[in-house]
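**Student:** Next comes the structure file structure.pdb, holding PDB, C-alpha atoms and all ligand atoms.
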ATOM      1  CA  MET A 586       0.000   0.000   0.000
ATOM      2  CA  SER A 587       1.321   3.445  -0.797
ATOM      3  CA  LYS A 588       2.266   5.981   1.832
ATOM      4  CA  ASN A 589      -0.409   8.279   0.464
ATOM      5  CA  ASN A 590      -3.139   5.795   1.123
ATOM      6  CA  PRO A 591      -5.387   7.485   3.682
ATOM      7  CA  SER A 592      -5.544   4.345   5.787
ATOM      8  CA  TYR A 593      -1.893   4.931   6.657
ATOM      9  CA  LEU A 594      -2.466   8.448   7.906
ATOM     10  CA  TYR A 595      -3.722   9.640  11.245
ATOM     11  CA  ASN A 596      -6.800   7.734  12.267
ATOM     12  CA  PRO A 597      -8.592   9.313  15.223
ATOM     13  CA  GLU A 598     -10.173   6.028  16.174
ATOM     14  CA  LEU A 599      -6.999   3.964  16.121
ATOM     15  CA  CYS A 600      -3.964   6.131  16.670
ATOM     16  CA  PRO A 601      -2.488   5.577  20.100
ATOM     17  CA  CYS A 602      -0.826   8.945  20.671
ATOM     18  CA  PRO A 603       1.217   8.194  23.802
ATOM     19  CA  LYS A 604       1.502  11.820  24.850
ATOM     20  CA  ALA A 605      -2.244  12.238  24.752
ATOM     21  CA  VAL A 606      -2.843   9.035  26.650
ATOM     22  CA  LYS A 607      -0.344  10.057  29.291
ATOM     23  CA  THR A 608      -1.269  13.710  29.666
ATOM     24  CA  ASN A 609      -4.973  13.620  28.784
ATOM     25  CA  CYS A 610      -4.203  16.208  26.135
ATOM     26  CA  PRO A 611      -7.476  18.005  25.370
ATOM     27  CA  ARG A 612      -6.537  18.099  21.705
ATOM     28  CA  PHE A 613      -6.210  14.334  21.502
ATOM     29  CA  ARG A 614      -7.822  13.120  18.286
ATOM     30  CA  ASN A 615      -7.653  16.645  16.895
ATOM     31  CA  CYS A 616      -4.023  17.674  17.165
ATOM     32  CA  GLU A 617      -2.438  19.238  14.082
ATOM     33  CA  ALA A 618       1.103  18.281  15.087
ATOM     34  CA  CYS A 619       0.054  14.722  15.682
ATOM     35  CA  ILE A 620      -1.793  14.512  12.408
ATOM     36  CA  ALA A 621       1.087  16.088  10.463
ATOM     37  CA  ASN A 622       3.638  13.669  11.875
ATOM     38  CA  HIS A 623       1.452  10.675  11.786
ATOM     39  CA  ARG A 624       2.617   9.141   8.547
ATOM     40  CA  VAL A 625       3.716   5.595   8.214
ATOM     41  CA  GLU A 626       7.293   4.891   7.252
ATOM     42  CA  GLY A 627       9.893   2.175   7.267
ATOM     43  CA  ASN A 628       9.756  -1.542   7.187
ATOM     44  CA  PRO A 629       7.701  -2.718   9.014
ATOM     45  CA  GLN A 630       5.453   0.231   8.374
ATOM     46  CA  GLN A 631       4.618   2.202  11.470
ATOM     47  CA  THR A 632       3.077   5.490  12.376
ATOM     48  CA  ALA A 633       5.159   8.105  14.160
ATOM     49  CA  CYS A 634       3.194   7.492  17.341
ATOM     50  CA  GLU A 635       3.694   3.757  17.227
ATOM     51  CA  LYS A 636       7.426   4.272  16.849
ATOM     52  CA  MET A 637       7.573   6.667  19.748
ATOM     53  CA  ALA A 638       5.253   4.746  21.925
ATOM     54  CA  THR A 639       7.490   1.905  23.083
ATOM     55  CA  LEU A 640      10.934   1.802  24.654
ATOM     56  CA  ILE A 641      12.867  -1.408  25.297
ATOM     57  CA  VAL A 642      14.749  -1.002  28.572
ATOM     58  CA  TYR A 643      17.200  -3.810  29.204
ATOM     59  CA  TYR A 644      20.277  -5.079  30.951
ATOM     60  CA  SER A 645      22.556  -7.770  29.555
ATOM     61  CA  LEU A 646      25.752  -9.139  31.044
ATOM     62  CA  GLU A 647      26.747 -11.675  28.405
ATOM     63  CA  GLY A 648      24.857 -10.632  25.300
ATOM     64  CA  ASN A 649      21.779 -12.890  25.233
ATOM     65  CA  THR A 650      19.324 -10.202  26.342
ATOM     66  CA  ASP A 651      21.038  -7.671  24.081
ATOM     67  CA  PHE A 652      20.558 -10.105  21.181
ATOM     68  CA  VAL A 653      16.797 -10.354  21.818
ATOM     69  CA  ALA A 654      16.388  -6.622  22.473
ATOM     70  CA  LYS A 655      17.941  -5.840  19.116
ATOM     71  CA  LYS A 656      15.779  -8.409  17.313
ATOM     72  CA  VAL A 657      12.568  -7.000  18.783
ATOM     73  CA  ALA A 658      13.699  -3.411  18.199
ATOM     74  CA  GLU A 659      14.551  -4.177  14.599
ATOM     75  CA  ALA A 660      11.315  -6.053  13.949
ATOM     76  CA  LEU A 661       9.104  -3.295  15.355
ATOM     77  CA  GLY A 662      11.215  -0.152  14.937
ATOM     78  CA  TYR A 663      11.344   0.530  18.677
ATOM     79  CA  GLU A 664      14.007   2.471  20.527
ATOM     80  CA  THR A 665      16.225   0.749  23.083
ATOM     81  CA  LEU A 666      17.837   1.839  26.327
ATOM     82  CA  ARG A 667      20.601  -0.434  27.604
ATOM     83  CA  LEU A 668      21.211  -0.038  31.321
ATOM     84  CA  VAL A 669      24.837  -0.027  32.431
ATOM     85  CA  PRO A 670      25.739  -0.227  36.120
ATOM     86  CA  VAL A 671      28.529   2.048  37.296
ATOM     87  CA  LYS A 672      30.226  -0.937  38.895
ATOM     88  CA  LYS A 673      30.309  -3.664  36.281
ATOM     89  CA  TYR A 674      29.420  -7.224  37.203
ATOM     90  CA  TYR A 675      32.015  -9.948  36.677
ATOM     91  CA  LYS A 676      31.599 -11.823  33.404
ATOM     92  CA  GLY A 677      33.354 -15.011  34.407
ATOM     93  CA  GLY A 678      34.347 -17.340  37.154
ATOM     94  CA  PHE A 679      32.946 -17.903  40.573
ATOM     95  CA  LEU A 680      32.496 -14.177  41.324
ATOM     96  CA  LYS A 681      30.047 -13.800  38.429
ATOM     97  CA  PHE A 682      27.509 -15.999  40.189
ATOM     98  CA  LEU A 683      28.460 -15.032  43.718
ATOM     99  CA  ILE A 684      28.200 -11.252  43.425
ATOM    100  CA  GLY A 685      25.460 -11.099  40.792
ATOM    101  CA  GLY A 686      23.405 -13.760  42.526
ATOM    102  CA  PHE A 687      23.831 -12.117  45.914
ATOM    103  CA  ASP A 688      22.759  -8.683  44.610
ATOM    104  CA  ALA A 689      19.745 -10.254  42.908
ATOM    105  CA  VAL A 690      18.635 -12.185  45.996
ATOM    106  CA  LYS A 691      19.115  -9.100  48.189
ATOM    107  CA  GLU A 692      17.178  -7.073  45.600
ATOM    108  CA  ARG A 693      19.918  -4.476  45.442
ATOM    109  CA  THR A 694      19.654  -1.404  43.251
ATOM    110  CA  PRO A 695      23.169  -0.585  42.000
ATOM    111  CA  ALA A 696      23.919   2.902  40.634
ATOM    112  CA  LEU A 697      23.529   3.193  36.866
ATOM    113  CA  LYS A 698      25.556   5.186  34.386
ATOM    114  CA  PRO A 699      23.604   8.311  33.324
ATOM    115  CA  TYR A 700      20.726   7.644  30.927
ATOM    116  CA  GLU A 701      17.899   9.667  29.446
ATOM    117  CA  PHE A 702      14.324   8.589  29.931
ATOM    118  CA  HIS A 703      11.153  10.675  29.866
ATOM    119  CA  ALA A 704       8.173   8.560  30.798
ATOM    120  CA  GLU A 705       5.744  11.032  29.244
ATOM    121  CA  ASN A 706       7.127  10.202  25.794
ATOM    122  CA  TYR A 707       6.026   6.597  25.997
ATOM    123  CA  ALA A 708       2.898   4.523  26.243
ATOM    124  CA  ARG A 709       4.778   1.327  26.946
ATOM    125  CA  VAL A 710       8.057  -0.011  28.311
ATOM    126  CA  ILE A 711       9.355  -3.491  27.511
ATOM    127  CA  PHE A 712      11.823  -4.770  30.074
ATOM    128  CA  GLY A 713      14.495  -7.263  29.053
ATOM    129  CA  PHE A 714      16.756  -8.954  31.569
ATOM    130  CA  PRO A 715      18.689 -12.129  32.321
ATOM    131  CA  VAL A 716      17.231 -14.165  35.184
ATOM    132  CA  TRP A 717      19.559 -14.045  38.167
ATOM    133  CA  ALA A 718      18.837 -16.415  41.021
ATOM    134  CA  GLY A 719      15.189 -16.529  39.962
ATOM    135  CA  ASN A 720      14.963 -12.761  40.219
ATOM    136  CA  VAL A 721      15.049  -9.559  38.204
ATOM    137  CA  THR A 722      18.559  -8.349  37.404
ATOM    138  CA  PRO A 723      19.564  -5.557  39.803
ATOM    139  CA  PRO A 724      20.096  -2.771  37.198
ATOM    140  CA  VAL A 725      16.478  -3.209  36.038
ATOM    141  CA  ARG A 726      15.380  -2.887  39.639
ATOM    142  CA  THR A 727      17.310   0.416  39.878
ATOM    143  CA  PHE A 728      15.549   1.747  36.792
ATOM    144  CA  ILE A 729      12.157   0.875  38.267
ATOM    145  CA  LYS A 730      13.071   2.602  41.528
ATOM    146  CA  GLU A 731      14.258   5.745  39.727
ATOM    147  CA  ASN A 732      11.280   6.248  37.418
ATOM    148  CA  ASP A 733       7.544   6.693  37.755
ATOM    149  CA  LEU A 734       6.101   4.221  35.272
ATOM    150  CA  SER A 735       2.511   4.431  36.431
ATOM    151  CA  GLY A 736       0.061   4.517  33.569
ATOM    152  CA  LEU A 737       2.454   2.863  31.118
ATOM    153  CA  LYS A 738       1.832  -0.560  29.673
ATOM    154  CA  ILE A 739       4.546  -3.009  30.640
ATOM    155  CA  ALA A 740       5.761  -6.077  28.750
ATOM    156  CA  ALA A 741       8.883  -8.132  29.440
ATOM    157  CA  PHE A 742      11.231 -10.747  28.122
ATOM    158  CA  ALA A 743      13.740 -12.746  30.110
ATOM    159  CA  CYS A 744      16.741 -14.847  29.176
ATOM    160  CA  GLN A 745      17.638 -17.737  31.413
ATOM    161  CA  GLY A 746      19.904 -20.749  31.539
ATOM    162  CA  GLY A 747      17.022 -23.110  32.204
ATOM    163  CA  SER A 748      14.553 -21.993  34.867
ATOM    164  CA  GLY A 749      13.434 -19.156  37.093
ATOM    165  CA  ALA A 750      11.881 -16.720  34.625
ATOM    166  CA  ASP A 751       8.349 -17.213  35.947
ATOM    167  CA  LYS A 752       9.483 -16.372  39.439
ATOM    168  CA  ALA A 753      11.454 -13.404  38.102
ATOM    169  CA  PHE A 754       8.387 -12.079  36.252
ATOM    170  CA  GLY A 755       6.527 -12.291  39.563
ATOM    171  CA  LYS A 756       9.295 -10.227  41.173
ATOM    172  CA  LEU A 757       9.165  -7.738  38.316
ATOM    173  CA  LYS A 758       5.413  -7.257  38.753
ATOM    174  CA  GLU A 759       5.905  -6.870  42.494
ATOM    175  CA  ALA A 760       8.585  -4.187  41.979
ATOM    176  CA  LEU A 761       6.302  -2.345  39.550
ATOM    177  CA  GLY A 762       3.192  -2.792  41.666
ATOM    178  CA  ILE A 763       1.228  -4.281  38.768
ATOM    179  CA  GLY A 764      -0.822  -7.444  38.452
ATOM    180  CA  ALA A 765      -0.056  -8.487  34.890
ATOM    181  CA  LEU A 766       2.326  -7.979  32.015
ATOM    182  CA  GLU A 767       0.974  -7.149  28.584
ATOM    183  CA  ALA A 768       3.203  -9.767  26.951
ATOM    184  CA  GLU A 769       5.903 -12.137  28.179
ATOM    185  CA  LEU A 770       8.704 -14.022  26.477
ATOM    186  CA  VAL A 771      11.209 -16.458  27.970
ATOM    187  CA  LEU A 772      14.198 -17.793  26.072
ATOM    188  CA  ASN A 773      17.022 -20.109  27.107
ATOM    189  CA  ASP A 774      20.401 -18.511  26.284
ATOM    190  CA  PRO A 775      19.125 -17.432  22.832
ATOM    191  CA  LYS A 776      22.443 -16.056  21.595
ATOM    192  CA  SER A 777      24.708 -18.855  22.721
ATOM    193  CA  LYS A 778      22.160 -21.579  21.810
ATOM    194  CA  PRO A 779      20.103 -20.184  18.909
ATOM    195  CA  SER A 780      17.102 -22.173  17.680
ATOM    196  CA  LYS A 781      14.254 -21.883  15.183
ATOM    197  CA  GLU A 782      11.816 -22.201  18.066
ATOM    198  CA  ASP A 783      13.316 -19.021  19.609
ATOM    199  CA  ASP A 784      12.772 -17.122  16.352
ATOM    200  CA  LYS A 785       9.146 -18.254  16.303
ATOM    201  CA  GLN A 786       8.619 -17.168  19.887
ATOM    202  CA  ILE A 787      10.199 -13.765  19.228
ATOM    203  CA  GLN A 788       7.895 -13.319  16.228
ATOM    204  CA  GLU A 789       4.840 -14.193  18.327
ATOM    205  CA  PHE A 790       5.936 -11.776  21.040
ATOM    206  CA  CYS A 791       6.372  -9.021  18.422
ATOM    207  CA  ALA A 792       2.953  -9.732  16.922
ATOM    208  CA  LYS A 793       1.335  -9.393  20.336
ATOM    209  CA  LEU A 794       3.170  -6.115  20.981
ATOM    210  CA  LYS A 795       2.190  -4.727  17.604
ATOM    211  CA  ASP A 796      -1.455  -5.405  18.319
ATOM    212  CA  GLY A 797      -1.191  -4.123  21.878
ATOM    213  CA  LEU A 798      -1.365  -0.406  21.188
ATOM    214  CA  ARG A 799      -4.294  -0.708  18.819
TER     215      ARG A 799
HETATM  216  C1  LIG A 801      24.498 -14.152  38.634
HETATM  217  C2  LIG A 801      23.774 -15.053  37.702
HETATM  218  C3  LIG A 801      22.665 -15.750  38.150
HETATM  219  C4  LIG A 801      21.940 -16.574  37.282
HETATM  220  N1  LIG A 801      20.807 -17.212  37.743
HETATM  221  C5  LIG A 801      20.083 -17.967  36.894
HETATM  222  C6  LIG A 801      18.878 -18.622  37.335
HETATM  223  O1  LIG A 801      18.438 -18.488  38.470
HETATM  224  N2  LIG A 801      18.216 -19.409  36.452
HETATM  225  C7  LIG A 801      18.651 -19.596  35.165
HETATM  226  O2  LIG A 801      18.021 -20.334  34.413
HETATM  227  N3  LIG A 801      19.764 -18.961  34.703
HETATM  228  C8  LIG A 801      20.482 -18.148  35.533
HETATM  229  N4  LIG A 801      21.594 -17.503  35.064
HETATM  230  C9  LIG A 801      21.946 -17.612  33.632
HETATM  231  C10 LIG A 801      21.445 -16.404  32.808
HETATM  232  O3  LIG A 801      20.152 -15.997  33.183
HETATM  233  C11 LIG A 801      21.395 -16.761  31.322
HETATM  234  O4  LIG A 801      22.617 -17.309  30.913
HETATM  235  C12 LIG A 801      21.026 -15.576  30.440
HETATM  236  O5  LIG A 801      20.749 -16.035  29.139
HETATM  237  C13 LIG A 801      22.151 -14.545  30.367
HETATM  238  O6  LIG A 801      21.702 -13.370  29.730
HETATM  239  P1  LIG A 801      22.741 -12.222  29.271
HETATM  240  O7  LIG A 801      23.670 -12.880  28.272
HETATM  241  O8  LIG A 801      21.906 -11.161  28.648
HETATM  242  O9  LIG A 801      23.480 -11.748  30.479
HETATM  243  C14 LIG A 801      22.328 -16.688  35.915
HETATM  244  C15 LIG A 801      23.473 -16.004  35.478
HETATM  245  C16 LIG A 801      24.172 -15.181  36.349
HETATM  246  C17 LIG A 801      25.373 -14.415  35.844
END
Re-express the file's structure as structure tokens.
Ligand SMILES: Cc1cc2nc3c(=O)[nH]c(=O)nc-3n(C[C@H](O)[C@H](O)[C@H](O)COP(=O)(O)O)c2cc1C
**Tutor:**
Amino acid sequence: MSKNNPSYLYNPELCPCPKAVKTNCPRFRNCEACIANHRVEGNPQQTACEKMATLIVYYSLEGNTDFVAKKVAEALGYETLRLVPVKKYYKGGFLKFLIGGFDAVKERTPALKPYEFHAENYARVIFGFPVWAGNVTPPVRTFIKENDLSGLKIAAFACQGGSGADKAFGKLKEALGIGALEAELVLNDPKSKPSKEDDKQIQEFCAKLKDGLR
């Protein structure tokens, strides 16, 4: 379909302007700036609002979560924010599990390197994290503590070695004070052990997210 096809332009019944949703903008559904910028571009085709509406916030120690974050971001045209703790976690040896696992169990919130995030620009945040000791990774916990995410939709994906993601999702919901996630995805070391099944699951997750703001 061509870009000039009216069905790809601003549609007051369908367009999920995140700013309007967040701020109750009185001009919602009748905003010139919104309408002017609301053209669909790229592949996959997306409206300006859809592109703006979701941010993938993630932490990755060894690259698996980063791998998934980039796949989802590429598939849906979303922005990403990779969290980096000031004090880096060990990547190998005994200390990797000891210190990371201890911080996760104790639900610590380590300081993060400076990042930019303005909740009012988004309608949804997707968290991505590796499961640590059946819990949310500490840097993600810091982000939740530092930002008011109320009113935003929340989805999440977790990478694990074999088990614990369900428990970690429970911990994530507890930290956010919410009862449910909009969409969930769990993968076992998807970068180091890639599989066709993982690709299928990522596609299904993306399809659910794409429908979610409609
Ligand atoms: C400190 C630490 C604790 C972990 N705890 C778990 C766990 O409880 N369950 C599990 O299945 N995998 C666990 N893992 C493995 C990671 O969750 C898994 O390898 C994940 O894919 C790594 O993601 P990343 O490459 O983005 O860091 C742990 C890894 C670390 C470093």
**Student:** Report, in Å to a single decimal, how far apart CA of Tyr663 (chain A) and CA of Lys793 (chain A) are.
**Tutor:**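 About the pair CA of Lys793 (chain A) and CA of Tyr663 (chain A): they are 14.2 Å apart.
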**Student:** For the atom pair CA of Pro779 (chain A) and CA of Asn649 (chain A), what is the interatomic distance in Å to one decimal place?
**Tutor:** 9.8 Å
**Student:** Determine, counting all atoms listed in the file, which protein, DNA and RNA residues have an atom within 6 Å of an atom of region 729-745 of chain A; residues of the same chain fewer than 6 positions away are not included. Present the result as a compact mmCIF listing (two decimals) with C-alpha atoms, keeping the file's coordinate frame.
**Tutor:**
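File out-v3.txt, as written:
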# COMPACT_ATOMS: atom_id res chain seq x y z
CA ALA A 708 2.90 4.52 26.24
CA ARG A 709 4.78 1.33 26.95
CA VAL A 710 8.06 -0.01 28.31
CA ILE A 711 9.36 -3.49 27.51
CA PHE A 712 11.82 -4.77 30.07
CA GLY A 713 14.50 -7.26 29.05
CA PHE A 714 16.76 -8.95 31.57
CA PRO A 715 18.69 -12.13 32.32
CA VAL A 716 17.23 -14.16 35.18
CA LEU A 766 2.33 -7.98 32.02
CA GLU A 767 0.97 -7.15 28.58
CA ALA A 768 3.20 -9.77 26.95
CA GLU A 769 5.90 -12.14 28.18
CA LEU A 770 8.70 -14.02 26.48
CA VAL A 771 11.21 -16.46 27.97
CA LEU A 772 14.20 -17.79 26.07
CA ASN A 773 17.02 -20.11 27.11
CA ASP A 774 20.40 -18.51 26.28
**Student:** Using only C-alpha atoms and all ligand atoms, what does the table of chain A residues within 10 Å of ligand LIG 801 (chain A) look like, with each row giving the shortest atom pair and its distance in Å to one decimal, sorted by chain and ascending number, as CSV?
**Tutor:**
residue,atom,partner,partner_atom,distance
A:Tyr643,CA,A:LIG801,O8,8.7
A:Tyr644,CA,A:LIG801,O8,6.7
A:Ser645,CA,A:LIG801,O8,3.6
A:Leu646,CA,A:LIG801,O9,3.5
A:Glu647,CA,A:LIG801,O7,3.3
A:Gly648,CA,A:LIG801,O7,3.9
A:Asn649,CA,A:LIG801,O7,3.6
A:Thr650,CA,A:LIG801,O8,3.6
A:Asp651,CA,A:LIG801,O8,5.8
A:Phe652,CA,A:LIG801,O8,7.7
A:Val653,CA,A:LIG801,O8,8.6
A:Ala654,CA,A:LIG801,O8,9.4
A:Tyr674,CA,A:LIG801,C17,8.4
A:Tyr675,CA,A:LIG801,C17,8.0
A:Lys676,CA,A:LIG801,C17,7.2
A:Gly677,CA,A:LIG801,C17,8.1
A:Gly678,CA,A:LIG801,C17,9.5
A:Phe679,CA,A:LIG801,C1,9.4
A:Leu680,CA,A:LIG801,C1,8.4
A:Lys681,CA,A:LIG801,C17,5.4
A:Phe682,CA,A:LIG801,C1,3.9
A:Leu683,CA,A:LIG801,C1,6.5
A:Ile684,CA,A:LIG801,C1,6.7
A:Gly685,CA,A:LIG801,C1,3.9
A:Gly686,CA,A:LIG801,C1,4.1
A:Phe687,CA,A:LIG801,C1,7.6
A:Asp688,CA,A:LIG801,C1,8.3
A:Ala689,CA,A:LIG801,C1,7.5
A:Val690,CA,A:LIG801,C3,9.5
A:Gly713,CA,A:LIG801,O8,8.4
A:Phe714,CA,A:LIG801,O8,6.3
A:Pro715,CA,A:LIG801,O6,4.2
A:Val716,CA,A:LIG801,O3,4.0
A:Trp717,CA,A:LIG801,N1,3.4
A:Ala718,CA,A:LIG801,O1,3.3
A:Gly719,CA,A:LIG801,O1,4.1
A:Asn720,CA,A:LIG801,O1,6.9
A:Val721,CA,A:LIG801,O1,9.6
A:Thr722,CA,A:LIG801,C1,8.4
A:Pro723,CA,A:LIG801,C1,10.0
A:Ala743,CA,A:LIG801,O5,7.8
A:Cys744,CA,A:LIG801,O5,4.2
A:Gln745,CA,A:LIG801,O3,3.5
A:Gly746,CA,A:LIG801,O2,3.5
A:Gly747,CA,A:LIG801,O2,3.7
A:Ser748,CA,A:LIG801,O2,3.9
A:Gly749,CA,A:LIG801,N2,4.8
A:Ala750,CA,A:LIG801,N2,7.1
A:Lys752,CA,A:LIG801,O1,9.3
A:Ala753,CA,A:LIG801,O1,8.6
A:Val771,CA,A:LIG801,O5,9.6
A:Leu772,CA,A:LIG801,O5,7.4
A:Asn773,CA,A:LIG801,O5,5.9
A:Asp774,CA,A:LIG801,O5,3.8
A:Pro775,CA,A:LIG801,O5,6.7
A:Lys776,CA,A:LIG801,O7,7.5
A:Ser777,CA,A:LIG801,O5,8.1
A:Lys778,CA,A:LIG801,O5,9.3
**Student:** In Å to one decimal, how far is CA of Gly797 (chain A) from CA of Ala765 (chain A)?
**Tutor:**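 CA of Gly797 (chain A) lies 13.8 Å from CA of Ala765 (chain A).
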**Student:** Determine the nearest neighbour of Glu664 (chain A) from the options A:Asn706, A:Ile787, A:Gly764, A:Lys698, counting all atoms listed in the file.
**Tutor:**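 Closest to Glu664 (chain A) of all the choices is A:Asn706.
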**Student:** Hey, can I get the axis-aligned box for region 763-777 of chain A? All listed atoms, 6 Å padding on each side, centre and edge lengths in Å to one decimal, as AutoDock Vina command-line options.
**Tutor:**
--center_x 11.9 --center_y -12.2 --center_z 30.2 --size_x 37.5 --size_y 27.8 --size_z 29.2
**Student:** Could you check which of A:Leu666, A:Ala792, A:Val657, A:Ile763 is closest to His703 (chain A), using all atoms listed in the file?
**Tutor:**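 Smallest distance to His703 (chain A) is found for A:Leu666.
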**Student:** With only C-alpha atoms as the atoms that count, which of A:Lys795, A:Lys781, A:Arg667, A:Lys672 lies nearest to Val725 (chain A)?
**Tutor:** A:Arg667
**Student:** With all atoms listed in the file as the basis for distance, which of A:Pro670, A:Thr639, A:Tyr707, A:Leu661 is at the shortest distance from Pro695 (chain A)?
**Tutor:**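 Nearest candidate to Pro695 (chain A) out of A:Pro670, A:Thr639, A:Tyr707, A:Leu661: A:Pro670.
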